[in-house]
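Asker: Structure below; questions to follow.
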Amino acid sequence: MSKFWTKAVREANPYIPGEQINQPNLLKLNTNENPYPPSPKTIEAIKEATGEKLRLYPSPTMDSLRDAIGDNFNLKRENVFVGNGSDEVLAFSFMAFFERGSTIKYPSITYSFYPVYANIFEVLVDEVPLENDFSINPENFFDAPGGVIFPNPNAPTSLYLELEAIELILKNNPDNIVIVDEAYVDFAKSSAASLIDQYDNLLIIQTLSKSRALAGLRVGFALGQADLIEALIRMKDSFNSYPVDRLALAGAEAAIRDVSYFKEVTEKIINTREWTVKEMTKLGFDVLPTQANFIFTKHAKYNGEKLYEQLKKANILVRHFKTKPIDEYLRITIGTDDEMKRFIDYLKEIN
Ligand SMILES: *Cc1c(COP(=O)(O)O)cnc(C)c1O
């Protein structure tokens with residue numbers, strides 16, 4: 001604290017990301033990163049973009065990447081906004097669509113960046129309780145004049161909300177924005193992107209950090225009808241005209257265009273996830289029905305925090321949240337087959 005701090009700095013309540021520990025033999029299952037490398041075409045494209053041209057600013061309109069993303073979702077460039085990671089896209093969305101002093105709705109258990117943004121952008125929050133099984137009851141999100149935001153699948157619960165339920169939320173908020181954060185949707189049944197033509201109040205946010213193995217590149221995007229995208233562009237251009245650099249633009253476009261690699265990696269992770277859930281269930285763990293690249297689980301015999309500590313001592317890093325009612329749970333990222341086998345073997349050892 002210093003006398004130079006403004007009220008905004010004093011009252012900021014920054015997000016705490018998962019630990020990034022670098023040590024040999026660490027099994028890192030704590031930040032939902034992809035265990036596989038990015039597409040070789042991505043690396044190639046970044047290498048190609050690394051050169052003399054770096055003296056030039058990147059494209060402020062990012063047309064080429066927006067076209068690639070548009071093609072991928074059967075949408076147009078006008079329906080795509082790109083930012084420096086989806087966290088930044090979320091920040092622009094809070095700025096663009098949530099009026100200062102209004103009250104927004106999000107689930108009581110959800111991505112812990114939302115309260116951080118609500119605080120910094122001065123919007124109030126009506127936290128919507130989840131059902132006992134942690135599922136979202138769409139009715140609780142009807143008539144939300146300040147707007148709605150939730151991840152699908154939700155984090156850290158891993159639960160997926162069916163598109164029919166999302167449509168109910170959209171239909172019951174005709175004059176309010178509904179933001180669906182699809183960070184994990186590539187590991188789930190389907191994206192709500194197909195609904196964009198029908199709903200002018202729907203904004204979808206996705207990231208290349210999880211399913212496309214590019215957490216280090218920092219690229220995220222939003223999909224929506226053209227006037228919503230225009231709002232985000234107005235915010236971006238009032239803040240930073242070039243949030244995505246040349247290397248990231250090149251790498252991201254190659255990643256989006258390499259559909260077969262993306263499908264192969266995503267399928268592998270889903271298969272490993274199903275195996276992991278089966279093995280953990282056999283060991284007596286209660287695993288929530290996941291459609292993400294992580295599981296959310298507890299065990300009647302173990303205290304969540306103690307098991308987290310014990311795993312950490314064994315060089316296995318998972319995520320534990322101290323807040324009730326999820327403090328008995330661990331969030332565990334799905335790694336490779338070998339990594340998950342090592343994890344399960346350790347659980348068998350201590351069980
Ligand atoms: C990982 C994650 C993000 C952020 O992704 P970046 O693009 O890496 O900033 C956003 N929302 C949720 C729910 C996430 O889990």
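Chain labels follow the order of the structure tokens: the first chain is A, the next B, and so on; residue numbering restarts at 1 in every chain, and ligands are counted from 1 in their shown order.
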Residues of stretch 31-123 of chain A classed as strand (DSSP E) by DSSP on the backbone are to be reported as a PyMOL selection string.
Answerer: chain A and resi 80-83+103-107
Asker: May I ask you to write as a PDB file with N, CA and C atoms, in the first residue's frame all residues lying at most 9 Å from ligand 1, with only C-alpha atoms and all ligand atoms counted?
Answerer:
ATOM      1  N   THR A  31      -4.020 -26.561 -13.712  1.00  0.00           N
ATOM      2  CA  THR A  31      -4.491 -25.332 -14.377  1.00  0.00           C
ATOM      3  C   THR A  31      -5.208 -25.598 -15.707  1.00  0.00           C
ATOM      4  N   ASN A  32      -5.630 -26.826 -15.902  1.00  0.00           N
ATOM      5  CA  ASN A  32      -6.424 -27.175 -17.082  1.00  0.00           C
ATOM      6  C   ASN A  32      -5.733 -26.871 -18.404  1.00  0.00           C
ATOM      7  N   GLU A  33      -4.399 -26.905 -18.367  1.00  0.00           N
ATOM      8  CA  GLU A  33      -3.658 -26.782 -19.626  1.00  0.00           C
ATOM      9  C   GLU A  33      -3.786 -28.095 -20.387  1.00  0.00           C
ATOM     10  N   GLY A  83      -9.202 -11.276 -28.810  1.00  0.00           N
ATOM     11  CA  GLY A  83      -8.473 -10.564 -27.759  1.00  0.00           C
ATOM     12  C   GLY A  83      -7.305 -11.364 -27.209  1.00  0.00           C
ATOM     13  N   ASN A  84      -6.588 -10.731 -26.306  1.00  0.00           N
ATOM     14  CA  ASN A  84      -5.394 -11.317 -25.688  1.00  0.00           C
ATOM     15  C   ASN A  84      -5.811 -12.301 -24.582  1.00  0.00           C
ATOM     16  N   GLY A  85      -6.195 -13.487 -25.004  1.00  0.00           N
ATOM     17  CA  GLY A  85      -6.732 -14.471 -24.067  1.00  0.00           C
ATOM     18  C   GLY A  85      -8.199 -14.172 -23.818  1.00  0.00           C
ATOM     19  N   SER A  86      -8.963 -15.205 -23.456  1.00  0.00           N
ATOM     20  CA  SER A  86     -10.385 -14.939 -23.250  1.00  0.00           C
ATOM     21  C   SER A  86     -10.599 -14.142 -21.974  1.00  0.00           C
ATOM     22  N   ASP A  87      -9.654 -14.141 -21.065  1.00  0.00           N
ATOM     23  CA  ASP A  87      -9.796 -13.282 -19.885  1.00  0.00           C
ATOM     24  C   ASP A  87      -9.913 -11.816 -20.313  1.00  0.00           C
ATOM     25  N   GLU A  88      -9.133 -11.431 -21.313  1.00  0.00           N
ATOM     26  CA  GLU A  88      -9.248 -10.048 -21.791  1.00  0.00           C
ATOM     27  C   GLU A  88     -10.572  -9.831 -22.514  1.00  0.00           C
ATOM     28  N   VAL A  89     -10.998 -10.830 -23.287  1.00  0.00           N
ATOM     29  CA  VAL A  89     -12.289 -10.717 -23.970  1.00  0.00           C
ATOM     30  C   VAL A  89     -13.414 -10.583 -22.933  1.00  0.00           C
ATOM     31  N   LEU A  90     -13.285 -11.323 -21.842  1.00  0.00           N
ATOM     32  CA  LEU A  90     -14.265 -11.196 -20.746  1.00  0.00           C
ATOM     33  C   LEU A  90     -14.245  -9.785 -20.173  1.00  0.00           C
ATOM     34  N   THR A 110     -18.527 -20.697  -9.548  1.00  0.00           N
ATOM     35  CA  THR A 110     -18.180 -20.465 -10.950  1.00  0.00           C
ATOM     36  C   THR A 110     -16.754 -19.969 -11.071  1.00  0.00           C
ATOM     37  N   TYR A 111     -16.385 -19.558 -12.268  1.00  0.00           N
ATOM     38  CA  TYR A 111     -15.042 -19.072 -12.558  1.00  0.00           C
ATOM     39  C   TYR A 111     -14.740 -17.863 -11.677  1.00  0.00           C
ATOM     40  N   SER A 112     -13.648 -17.919 -10.953  1.00  0.00           N
ATOM     41  CA  SER A 112     -13.438 -16.891  -9.937  1.00  0.00           C
ATOM     42  C   SER A 112     -12.896 -15.579 -10.492  1.00  0.00           C
ATOM     43  N   PHE A 113     -12.775 -15.482 -11.816  1.00  0.00           N
ATOM     44  CA  PHE A 113     -12.449 -14.172 -12.392  1.00  0.00           C
ATOM     45  C   PHE A 113     -13.675 -13.253 -12.437  1.00  0.00           C
ATOM     46  N   TYR A 114     -14.894 -13.821 -12.494  1.00  0.00           N
ATOM     47  CA  TYR A 114     -16.084 -12.960 -12.619  1.00  0.00           C
ATOM     48  C   TYR A 114     -16.212 -11.964 -11.460  1.00  0.00           C
ATOM     49  N   PHE A 150     -22.195 -17.050 -17.461  1.00  0.00           N
ATOM     50  CA  PHE A 150     -21.838 -18.340 -16.847  1.00  0.00           C
ATOM     51  C   PHE A 150     -20.972 -19.123 -17.817  1.00  0.00           C
ATOM     52  N   PRO A 151     -20.097 -19.995 -17.292  1.00  0.00           N
ATOM     53  CA  PRO A 151     -19.326 -20.854 -18.179  1.00  0.00           C
ATOM     54  C   PRO A 151     -20.133 -22.102 -18.529  1.00  0.00           C
ATOM     55  N   ASN A 152     -19.965 -22.600 -19.730  1.00  0.00           N
ATOM     56  CA  ASN A 152     -20.562 -23.879 -20.098  1.00  0.00           C
ATOM     57  C   ASN A 152     -19.555 -24.697 -20.906  1.00  0.00           C
ATOM     58  N   PRO A 153     -19.112 -25.850 -20.333  1.00  0.00           N
ATOM     59  CA  PRO A 153     -19.344 -26.362 -18.991  1.00  0.00           C
ATOM     60  C   PRO A 153     -18.909 -25.386 -17.902  1.00  0.00           C
ATOM     61  N   ASN A 154     -19.580 -25.484 -16.754  1.00  0.00           N
ATOM     62  CA  ASN A 154     -19.237 -24.608 -15.646  1.00  0.00           C
ATOM     63  C   ASN A 154     -17.879 -25.012 -15.057  1.00  0.00           C
ATOM     64  N   ALA A 155     -17.189 -24.039 -14.512  1.00  0.00           N
ATOM     65  CA  ALA A 155     -15.924 -24.294 -13.827  1.00  0.00           C
ATOM     66  C   ALA A 155     -16.074 -23.786 -12.400  1.00  0.00           C
ATOM     67  N   PRO A 156     -15.598 -24.512 -11.394  1.00  0.00           N
ATOM     68  CA  PRO A 156     -14.852 -25.766 -11.513  1.00  0.00           C
ATOM     69  C   PRO A 156     -15.705 -27.023 -11.428  1.00  0.00           C
ATOM     70  N   ASP A 181     -19.514 -18.440 -21.442  1.00  0.00           N
ATOM     71  CA  ASP A 181     -18.056 -18.604 -21.477  1.00  0.00           C
ATOM     72  C   ASP A 181     -17.754 -20.073 -21.795  1.00  0.00           C
ATOM     73  N   GLU A 182     -17.411 -20.328 -23.054  1.00  0.00           N
ATOM     74  CA  GLU A 182     -17.239 -21.713 -23.497  1.00  0.00           C
ATOM     75  C   GLU A 182     -15.767 -22.152 -23.491  1.00  0.00           C
ATOM     76  N   ALA A 183     -15.060 -21.842 -22.427  1.00  0.00           N
ATOM     77  CA  ALA A 183     -13.631 -22.206 -22.350  1.00  0.00           C
ATOM     78  C   ALA A 183     -13.411 -23.713 -22.533  1.00  0.00           C
ATOM     79  N   TYR A 184     -14.399 -24.514 -22.094  1.00  0.00           N
ATOM     80  CA  TYR A 184     -14.213 -25.980 -22.105  1.00  0.00           C
ATOM     81  C   TYR A 184     -15.155 -26.692 -23.065  1.00  0.00           C
ATOM     82  N   ILE A 205     -17.983 -16.734 -25.600  1.00  0.00           N
ATOM     83  CA  ILE A 205     -16.555 -16.470 -25.485  1.00  0.00           C
ATOM     84  C   ILE A 205     -15.809 -17.802 -25.447  1.00  0.00           C
ATOM     85  N   GLN A 206     -14.786 -17.910 -26.272  1.00  0.00           N
ATOM     86  CA  GLN A 206     -13.966 -19.127 -26.294  1.00  0.00           C
ATOM     87  C   GLN A 206     -12.490 -18.769 -26.195  1.00  0.00           C
ATOM     88  N   THR A 207     -11.672 -19.780 -25.967  1.00  0.00           N
ATOM     89  CA  THR A 207     -10.235 -19.570 -25.797  1.00  0.00           C
ATOM     90  C   THR A 207      -9.440 -20.620 -26.561  1.00  0.00           C
ATOM     91  N   LEU A 208      -8.235 -20.274 -26.960  1.00  0.00           N
ATOM     92  CA  LEU A 208      -7.340 -21.264 -27.556  1.00  0.00           C
ATOM     93  C   LEU A 208      -6.441 -21.901 -26.498  1.00  0.00           C
ATOM     94  N   SER A 209      -6.657 -21.516 -25.239  1.00  0.00           N
ATOM     95  CA  SER A 209      -5.759 -21.977 -24.165  1.00  0.00           C
ATOM     96  C   SER A 209      -5.946 -23.439 -23.800  1.00  0.00           C
ATOM     97  N   LYS A 210      -7.153 -23.962 -23.932  1.00  0.00           N
ATOM     98  CA  LYS A 210      -7.419 -25.308 -23.430  1.00  0.00           C
ATOM     99  C   LYS A 210      -7.381 -26.318 -24.572  1.00  0.00           C
ATOM    100  N   LEU A 214      -2.818 -23.771 -26.364  1.00  0.00           N
ATOM    101  CA  LEU A 214      -2.070 -22.530 -26.586  1.00  0.00           C
ATOM    102  C   LEU A 214      -2.221 -21.540 -25.420  1.00  0.00           C
ATOM    103  N   ALA A 215      -2.198 -22.055 -24.207  1.00  0.00           N
ATOM    104  CA  ALA A 215      -2.338 -21.157 -23.052  1.00  0.00           C
ATOM    105  C   ALA A 215      -1.229 -20.103 -23.046  1.00  0.00           C
ATOM    106  N   GLY A 216      -0.062 -20.479 -23.570  1.00  0.00           N
ATOM    107  CA  GLY A 216       1.071 -19.557 -23.573  1.00  0.00           C
ATOM    108  C   GLY A 216       1.008 -18.482 -24.652  1.00  0.00           C
ATOM    109  N   LEU A 217       0.098 -18.651 -25.611  1.00  0.00           N
ATOM    110  CA  LEU A 217       0.055 -17.689 -26.727  1.00  0.00           C
ATOM    111  C   LEU A 217      -0.881 -16.520 -26.443  1.00  0.00           C
ATOM    112  N   ARG A 218      -1.867 -16.740 -25.581  1.00  0.00           N
ATOM    113  CA  ARG A 218      -2.837 -15.734 -25.163  1.00  0.00           C
ATOM    114  C   ARG A 218      -3.749 -15.273 -26.297  1.00  0.00           C
ATOM    115  N   VAL A 219      -4.647 -16.151 -26.717  1.00  0.00           N
ATOM    116  CA  VAL A 219      -5.656 -15.748 -27.697  1.00  0.00           C
ATOM    117  C   VAL A 219      -7.020 -16.291 -27.269  1.00  0.00           C
ATOM    118  N   GLY A 220      -7.996 -15.408 -27.261  1.00  0.00           N
ATOM    119  CA  GLY A 220      -9.375 -15.798 -27.003  1.00  0.00           C
ATOM    120  C   GLY A 220     -10.261 -15.030 -27.954  1.00  0.00           C
ATOM    121  N   PHE A 221     -11.531 -15.441 -28.066  1.00  0.00           N
ATOM    122  CA  PHE A 221     -12.406 -14.726 -28.996  1.00  0.00           C
ATOM    123  C   PHE A 221     -13.848 -14.758 -28.525  1.00  0.00           C
TER     124      PHE A 221
END
Asker: Choose the residue, out of A:Asp227, A:Glu349, A:Asp63, A:Asp175, that has the smallest atom-to-atom separation from A:Val148; count only C-alpha atoms.
Answerer: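 With only C-alpha atoms as the atom set, the closest residue is A:Asp175.
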Asker: Would you pick out the contacts of A:Asn79 at 7 Å or less, using only C-alpha atoms, so that residues sharing its chain but fewer than 5 positions from it are not included, and give the list as a ChimeraX atom specification?
Answerer: /A:223-226,229
Asker: Quick one: write out the picked residues with N, CA, C and O atoms as a PDB file, in the first residue's frame?
Answerer:
ATOM      1  N   LEU A 223     -17.990 -14.563 -30.043  1.00  0.00           N
ATOM      2  CA  LEU A 223     -18.874 -14.745 -31.194  1.00  0.00           C
ATOM      3  C   LEU A 223     -20.231 -14.150 -30.848  1.00  0.00           C
ATOM      4  O   LEU A 223     -20.734 -14.360 -29.741  1.00  0.00           O
ATOM      5  N   GLY A 224     -20.795 -13.432 -31.792  1.00  0.00           N
ATOM      6  CA  GLY A 224     -22.120 -12.861 -31.546  1.00  0.00           C
ATOM      7  C   GLY A 224     -22.584 -12.110 -32.772  1.00  0.00           C
ATOM      8  O   GLY A 224     -21.867 -12.019 -33.778  1.00  0.00           O
ATOM      9  N   GLN A 225     -23.794 -11.567 -32.696  1.00  0.00           N
ATOM     10  CA  GLN A 225     -24.291 -10.766 -33.815  1.00  0.00           C
ATOM     11  C   GLN A 225     -23.440  -9.504 -33.963  1.00  0.00           C
ATOM     12  O   GLN A 225     -22.808  -9.039 -33.003  1.00  0.00           O
ATOM     13  N   ALA A 226     -23.426  -8.968 -35.174  1.00  0.00           N
ATOM     14  CA  ALA A 226     -22.449  -7.936 -35.541  1.00  0.00           C
ATOM     15  C   ALA A 226     -22.438  -6.720 -34.613  1.00  0.00           C
ATOM     16  O   ALA A 226     -21.371  -6.175 -34.315  1.00  0.00           O
ATOM     17  N   ILE A 229     -20.431  -7.444 -31.519  1.00  0.00           N
ATOM     18  CA  ILE A 229     -19.000  -7.489 -31.823  1.00  0.00           C
ATOM     19  C   ILE A 229     -18.463  -6.071 -32.007  1.00  0.00           C
ATOM     20  O   ILE A 229     -17.370  -5.732 -31.544  1.00  0.00           O
TER      21      ILE A 229
END
Asker: Just give me the gap between atom CA of A:Phe296 and atom CA of A:Leu330 in Å, one decimal is fine.
Answerer: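 Pair atom CA of A:Phe296 / atom CA of A:Leu330 returns 5.7 Å.
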Asker: Taking 5 positions as the minimum chain separation for residues in the same chain, which residues sit within 9 Å of A:Leu232 when counting only C-alpha atoms? Answer as a list in words.
Answerer: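 Surrounding residues, per the criterion: Phe81, Val89, Phe92, Ser93, Met95, Ala96, Phe97, Ala222, Asp227 and Asp237 of chain A.
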Asker: Would you mind exporting the chosen residues as a CSV table (one decimal), in the first residue's frame, restricted to all heavy atoms?
Answerer:
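Wrote again.csv, looks like this:
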chain,number,residue,atom,x,y,z
A,81,PHE,N,-14.8,-11.4,-32.6
A,81,PHE,CA,-13.9,-10.5,-31.9
A,81,PHE,C,-12.8,-11.3,-31.3
A,81,PHE,O,-13.0,-12.4,-30.8
A,81,PHE,CB,-14.7,-9.8,-30.8
A,81,PHE,CG,-13.8,-8.9,-29.9
A,81,PHE,CD1,-13.5,-7.6,-30.4
A,81,PHE,CD2,-13.3,-9.3,-28.7
A,81,PHE,CE1,-12.6,-6.8,-29.6
A,81,PHE,CE2,-12.4,-8.5,-28.0
A,81,PHE,CZ,-12.1,-7.2,-28.4
A,89,VAL,N,-11.0,-10.8,-23.3
A,89,VAL,CA,-12.3,-10.7,-24.0
A,89,VAL,C,-13.4,-10.6,-22.9
A,89,VAL,O,-14.4,-9.8,-23.1
A,89,VAL,CB,-12.5,-11.9,-24.9
A,89,VAL,CG1,-13.9,-11.8,-25.6
A,89,VAL,CG2,-11.4,-12.0,-25.9
A,92,PHE,N,-13.4,-7.0,-21.7
A,92,PHE,CA,-14.0,-6.1,-22.6
A,92,PHE,C,-15.5,-6.3,-22.6
A,92,PHE,O,-16.3,-5.3,-22.8
A,92,PHE,CB,-13.5,-6.3,-24.0
A,92,PHE,CG,-12.1,-5.7,-24.3
A,92,PHE,CD1,-11.1,-6.5,-24.9
A,92,PHE,CD2,-11.8,-4.4,-23.9
A,92,PHE,CE1,-9.8,-6.0,-25.2
A,92,PHE,CE2,-10.5,-3.9,-24.1
A,92,PHE,CZ,-9.5,-4.7,-24.7
A,93,SER,N,-16.0,-7.5,-22.4
A,93,SER,CA,-17.4,-7.8,-22.4
A,93,SER,C,-18.1,-7.1,-21.2
A,93,SER,O,-19.2,-6.6,-21.3
A,93,SER,CB,-17.7,-9.3,-22.4
A,93,SER,OG,-17.0,-9.9,-23.5
A,95,MET,N,-17.0,-4.5,-19.7
A,95,MET,CA,-17.0,-3.0,-20.0
A,95,MET,C,-18.1,-2.7,-21.0
A,95,MET,O,-18.7,-1.6,-20.8
A,95,MET,CB,-15.7,-2.6,-20.6
A,95,MET,CG,-14.5,-2.6,-19.7
A,95,MET,SD,-13.1,-1.9,-20.7
A,95,MET,CE,-11.8,-3.0,-20.3
A,96,ALA,N,-18.3,-3.5,-22.0
A,96,ALA,CA,-19.2,-3.2,-23.1
A,96,ALA,C,-20.7,-3.4,-22.7
A,96,ALA,O,-21.5,-2.7,-23.2
A,96,ALA,CB,-18.8,-4.0,-24.3
A,97,PHE,N,-20.9,-4.4,-21.9
A,97,PHE,CA,-22.3,-4.9,-21.8
A,97,PHE,C,-22.9,-4.8,-20.4
A,97,PHE,O,-24.1,-4.9,-20.2
A,97,PHE,CB,-22.5,-6.3,-22.3
A,97,PHE,CG,-22.0,-6.4,-23.8
A,97,PHE,CD1,-21.0,-7.2,-24.1
A,97,PHE,CD2,-22.7,-5.7,-24.7
A,97,PHE,CE1,-20.6,-7.3,-25.4
A,97,PHE,CE2,-22.3,-5.8,-26.1
A,97,PHE,CZ,-21.2,-6.6,-26.4
A,222,ALA,N,-14.6,-13.8,-29.1
A,222,ALA,CA,-16.1,-13.8,-28.8
A,222,ALA,C,-16.8,-14.0,-30.1
A,222,ALA,O,-16.3,-13.6,-31.2
A,222,ALA,CB,-16.4,-12.5,-28.1
A,227,ASP,N,-23.6,-6.3,-34.1
A,227,ASP,CA,-23.6,-5.1,-33.3
A,227,ASP,C,-23.0,-5.4,-31.9
A,227,ASP,O,-22.4,-4.4,-31.3
A,227,ASP,CB,-25.0,-4.4,-33.2
A,227,ASP,CG,-26.1,-5.4,-32.8
A,227,ASP,OD1,-25.8,-6.6,-32.8
A,227,ASP,OD2,-27.2,-5.0,-32.6
A,237,ASP,N,-10.6,-0.6,-29.0
A,237,ASP,CA,-9.9,0.5,-29.7
A,237,ASP,C,-9.9,1.7,-28.8
A,237,ASP,O,-9.3,2.7,-29.1
A,237,ASP,CB,-10.5,0.8,-31.0
A,237,ASP,CG,-10.2,-0.3,-32.0
A,237,ASP,OD1,-9.2,-1.0,-31.8
A,237,ASP,OD2,-11.0,-0.5,-33.0
Asker: Give the helix (DSSP H, G or I) residues of stretch 93-318 of chain A, as assigned by DSSP on the backbone, as JSON, numbers by chain.
Answerer: {"A": [93, 94, 95, 96, 97, 113, 114, 115, 116, 117, 118, 119, 120, 138, 139, 140, 141, 163, 164, 165, 166, 167, 168, 169, 170, 171, 185, 186, 187, 192, 193, 194, 195, 226, 227, 228, 229, 230, 231, 232, 233, 234, 235, 236, 246, 247, 248, 249, 250, 251, 252, 253, 254, 255, 256, 257, 259, 260, 261, 262, 263, 264, 265, 266, 267, 268, 269, 270, 271, 272, 273, 274, 275, 276, 277, 278, 279, 280, 281, 282, 304, 305, 306, 307, 308, 309, 310, 311, 312, 313]}
Asker: Taking only residues of stretch 240-321 of chain A that have an atom at most 12 Å from an atom of stretch 122-143 of chain A, what is each one's shortest atom pair and its distance in Å to one decimal, using only C-alpha atoms, in chain and number order, as JSON lines?
Answerer:
{"residue": "A:Asp286", "atom": "CA", "partner": "A:Asp133", "partner_atom": "CA", "distance": 11.5}
{"residue": "A:Val287", "atom": "CA", "partner": "A:Asp133", "partner_atom": "CA", "distance": 11.2}
{"residue": "A:Leu288", "atom": "CA", "partner": "A:Asp133", "partner_atom": "CA", "distance": 8.4}
{"residue": "A:Pro289", "atom": "CA", "partner": "A:Asp133", "partner_atom": "CA", "distance": 10.0}
{"residue": "A:Thr290", "atom": "CA", "partner": "A:Ser135", "partner_atom": "CA", "distance": 11.4}
{"residue": "A:Phe296", "atom": "CA", "partner": "A:Phe134", "partner_atom": "CA", "distance": 10.8}
Asker: Write a file of the selected residues as a PDB file, in the first residue's frame, keeping all heavy atoms.
Answerer:
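The resulting again-v5.pdb:
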ATOM      1  N   ASP A 286     -16.283 -39.771  -5.617  1.00  0.00           N
ATOM      2  CA  ASP A 286     -17.516 -39.269  -6.190  1.00  0.00           C
ATOM      3  C   ASP A 286     -17.092 -38.240  -7.241  1.00  0.00           C
ATOM      4  O   ASP A 286     -16.553 -37.198  -6.899  1.00  0.00           O
ATOM      5  CB  ASP A 286     -18.325 -38.643  -5.044  1.00  0.00           C
ATOM      6  CG  ASP A 286     -19.591 -37.990  -5.525  1.00  0.00           C
ATOM      7  OD1 ASP A 286     -19.970 -38.215  -6.695  1.00  0.00           O
ATOM      8  OD2 ASP A 286     -20.204 -37.253  -4.725  1.00  0.00           O
ATOM      9  N   VAL A 287     -17.286 -38.576  -8.520  1.00  0.00           N
ATOM     10  CA  VAL A 287     -16.839 -37.696  -9.599  1.00  0.00           C
ATOM     11  C   VAL A 287     -18.053 -37.079 -10.277  1.00  0.00           C
ATOM     12  O   VAL A 287     -18.928 -37.806 -10.758  1.00  0.00           O
ATOM     13  CB  VAL A 287     -16.002 -38.472 -10.644  1.00  0.00           C
ATOM     14  CG1 VAL A 287     -15.421 -37.516 -11.677  1.00  0.00           C
ATOM     15  CG2 VAL A 287     -14.901 -39.286  -9.984  1.00  0.00           C
ATOM     16  N   LEU A 288     -18.130 -35.770 -10.325  1.00  0.00           N
ATOM     17  CA  LEU A 288     -19.261 -35.129 -10.996  1.00  0.00           C
ATOM     18  C   LEU A 288     -19.216 -35.457 -12.491  1.00  0.00           C
ATOM     19  O   LEU A 288     -18.136 -35.620 -13.052  1.00  0.00           O
ATOM     20  CB  LEU A 288     -19.218 -33.615 -10.799  1.00  0.00           C
ATOM     21  CG  LEU A 288     -19.346 -33.080  -9.373  1.00  0.00           C
ATOM     22  CD1 LEU A 288     -19.684 -31.586  -9.399  1.00  0.00           C
ATOM     23  CD2 LEU A 288     -20.390 -33.809  -8.569  1.00  0.00           C
ATOM     24  N   PRO A 289     -20.401 -35.568 -13.123  1.00  0.00           N
ATOM     25  CA  PRO A 289     -20.432 -35.913 -14.558  1.00  0.00           C
ATOM     26  C   PRO A 289     -19.788 -34.816 -15.409  1.00  0.00           C
ATOM     27  O   PRO A 289     -20.404 -33.794 -15.684  1.00  0.00           O
ATOM     28  CB  PRO A 289     -21.921 -36.069 -14.868  1.00  0.00           C
ATOM     29  CG  PRO A 289     -22.643 -35.418 -13.747  1.00  0.00           C
ATOM     30  CD  PRO A 289     -21.741 -35.400 -12.555  1.00  0.00           C
ATOM     31  N   THR A 290     -18.561 -35.042 -15.807  1.00  0.00           N
ATOM     32  CA  THR A 290     -17.766 -33.989 -16.449  1.00  0.00           C
ATOM     33  C   THR A 290     -17.935 -33.954 -17.958  1.00  0.00           C
ATOM     34  O   THR A 290     -18.024 -34.990 -18.609  1.00  0.00           O
ATOM     35  CB  THR A 290     -16.267 -34.172 -16.127  1.00  0.00           C
ATOM     36  OG1 THR A 290     -15.504 -33.243 -16.906  1.00  0.00           O
ATOM     37  CG2 THR A 290     -15.791 -35.588 -16.436  1.00  0.00           C
ATOM     38  N   PHE A 296     -14.098 -32.933 -11.263  1.00  0.00           N
ATOM     39  CA  PHE A 296     -14.318 -32.307  -9.961  1.00  0.00           C
ATOM     40  C   PHE A 296     -14.794 -33.431  -9.057  1.00  0.00           C
ATOM     41  O   PHE A 296     -15.825 -34.061  -9.330  1.00  0.00           O
ATOM     42  CB  PHE A 296     -15.361 -31.204 -10.103  1.00  0.00           C
ATOM     43  CG  PHE A 296     -15.289 -30.167  -9.026  1.00  0.00           C
ATOM     44  CD1 PHE A 296     -14.092 -29.535  -8.718  1.00  0.00           C
ATOM     45  CD2 PHE A 296     -16.433 -29.801  -8.313  1.00  0.00           C
ATOM     46  CE1 PHE A 296     -14.028 -28.556  -7.731  1.00  0.00           C
ATOM     47  CE2 PHE A 296     -16.370 -28.824  -7.334  1.00  0.00           C
ATOM     48  CZ  PHE A 296     -15.167 -28.197  -7.034  1.00  0.00           C
TER      49      PHE A 296
END
